[in-house]
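Chemist: I have a structure here, written as structure tokens, and I will follow up with some questions on it.
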Amino acid sequence: MSWPNLWNRAMKLAVAAMLALTVLTFQAGHTEASVPESWYLPELKSANPAISSVDVLIDVGHGGIDGGTSYGDLLEKDINLAIAKKTYETLRRKGYVVLMNRMDDYALSGENLWLKTRSRHIKDLAQRSHLCNEVKPKIMISLHVNSARNSSKQGAILIHQIKPQSEQLAKAVQAALNALYGTDDKPVPGRTFYLLKYSKAPTVIVEMGFITNAEDRRMLTEVQSQQRIADAIAAGVEQYMQQQK
């Protein structure tokens, strides 16, 4: 087998192993899970419907050494993960097949051994888009927290690809979050965002609120309010999915 083929096979196995562990962990509801050897087989995606027929891939922004934006001791990466888990569970209850690309506090750049660059940031983003393109979900939602110099800036902002389906998804999620926040924001195109540019599935970045705004900060950090944000995101996703039938 040639070196390129060996490398491609190794990459597919690594992706499969990580996603298998994600599925096992959340479906079992345990913090620890062993991965069956069969999940490492090259035919994994075609043999396992949990990976070959994914509805939603949740991209959990930042992680590990990359804390994202912050306010005092609050770190974006922790907020993203907390709301991502709630969104995961809400969408699962609605009957969707859902995966998360980060289920703990670590950087995805550490799993990227294939991209020849010194930029940890680019390696992180490339790994996220690569996973999306390997799994081929119907959609990907990337969860983030915003910040601004003006502390009065409030509400959620959806950023979408220059693709009709991505824009439709952004509008649906934006409307649900606007209703929650009492705002009237509109989604915006993100032409220069790496994740949006290189992910083949309809993808949106969900800026869930401003950590620099007192009311948004409360929403982003209180457990009950985090659930309301997760429910709003899930409602937007559900509306989009129903429009595609």
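Chain labels A, B, ... are given in the sequence in which chains occur in the structure tokens; within each chain residues are numbered consecutively from 1, and ligands are likewise numbered from 1 in the order shown.
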Write out as a list of chain:residue names the residues lying within 9 Å of segment 231-244 of chain A, counting only C-alpha atoms and excluding same-chain residues fewer than 3 positions away.

Modeler: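 Once the nearby chain positions are removed, what remains is A:Asp55, A:Val56, A:Lys86, A:Thr87, A:Tyr88, A:Thr90, A:Leu91, A:Lys94, A:Lys138, A:Ile139, A:Ile141, A:Gln165, A:Gln168, A:Leu169, A:Ala170, A:Lys171, A:Ala172, A:Val173, A:Gln174, A:Ala175, A:Ala176, A:Leu177, A:Ala179, A:Leu180, A:Val206, A:Gln226, A:Gln227, A:Arg228.
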
Chemist: Quick one: of A:Met208, A:Leu131, A:Ile58, A:Leu143, who's nearest to Val97 of chain A, counting only C-alpha atoms?

Modeler: A:Ile58

Chemist: Pick from A:Glu167, A:Asp105, A:Asp185, A:Glu89: nearest to Gly209 of chain A, with only C-alpha atoms counted?

Modeler: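 Under the stated criterion, the closest residue is A:Asp185.
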
Chemist: Quick one: pick out all strand (DSSP E or B) residues within segment 54-186 of chain A from a backbone DSSP run and write them as a PyMOL selection string.

Modeler: chain A and resi 56-60+63+66+70-71+74-75+98-100+139-146+157-160

Chemist: From a DSSP calculation on the backbone, collect every residue of segment 129-219 of chain A in alpha helix (DSSP H) and output the set as number ranges by chain.

Modeler: A: 129-135, 164-181, 194-198, 214-219

Chemist: Give me, please, the distance in Å between atom CA of Ile157 of chain A and atom CA of Ser225 of chain A, quoted to one decimal.

Modeler: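 Distance between the two atoms: 17.2 Å.
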
Chemist: May I ask for the distance between atom CA of Gly63 of chain A and atom CA of Asn80 of chain A, given in Å to one decimal place?

Modeler: 9.0 Å

Chemist: Name the residues in contact with Val54 of chain A at a cut-off of 8 Å, using only C-alpha atoms, excluding same-chain residues fewer than 4 positions from it; report them as a ChimeraX atom specification.

Modeler: /A:49-50,96-99,135-138

Chemist: Hey, which of A:Met103, A:Val145, A:Ile65, A:Ala82 ends up closest to Ile211 of chain A? Count only C-alpha atoms.

Modeler: A:Val145

Chemist: For atom CA of Ser199 of chain A and atom CA of His130 of chain A, quote the distance in Å rounded to one decimal.

Modeler: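 Separating atom CA of Ser199 of chain A from atom CA of His130 of chain A is a distance of 7.4 Å.
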
Chemist: Measuring atom to atom with only C-alpha atoms, identify which of A:Glu222, A:Ala230, A:His144, A:Tyr198 is nearest to Cys132 of chain A.

Modeler: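 Closest residue, counting only C-alpha atoms: A:Tyr198.
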
Chemist: Quick one: of A:Glu134, A:Asp216, A:Asp66, A:Asp78, who's nearest to Ser152 of chain A, counting only C-alpha atoms?

Modeler: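 Once distances to Ser152 of chain A are computed over only C-alpha atoms, the minimum belongs to A:Asp216.
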
Chemist: Find, counting only C-alpha atoms, the residue in A:Asn213, A:Thr69, A:Gln224, A:Thr203 that gets nearest to Ser151 of chain A.

Modeler: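 Nearest to Ser151 of chain A: A:Asn213.
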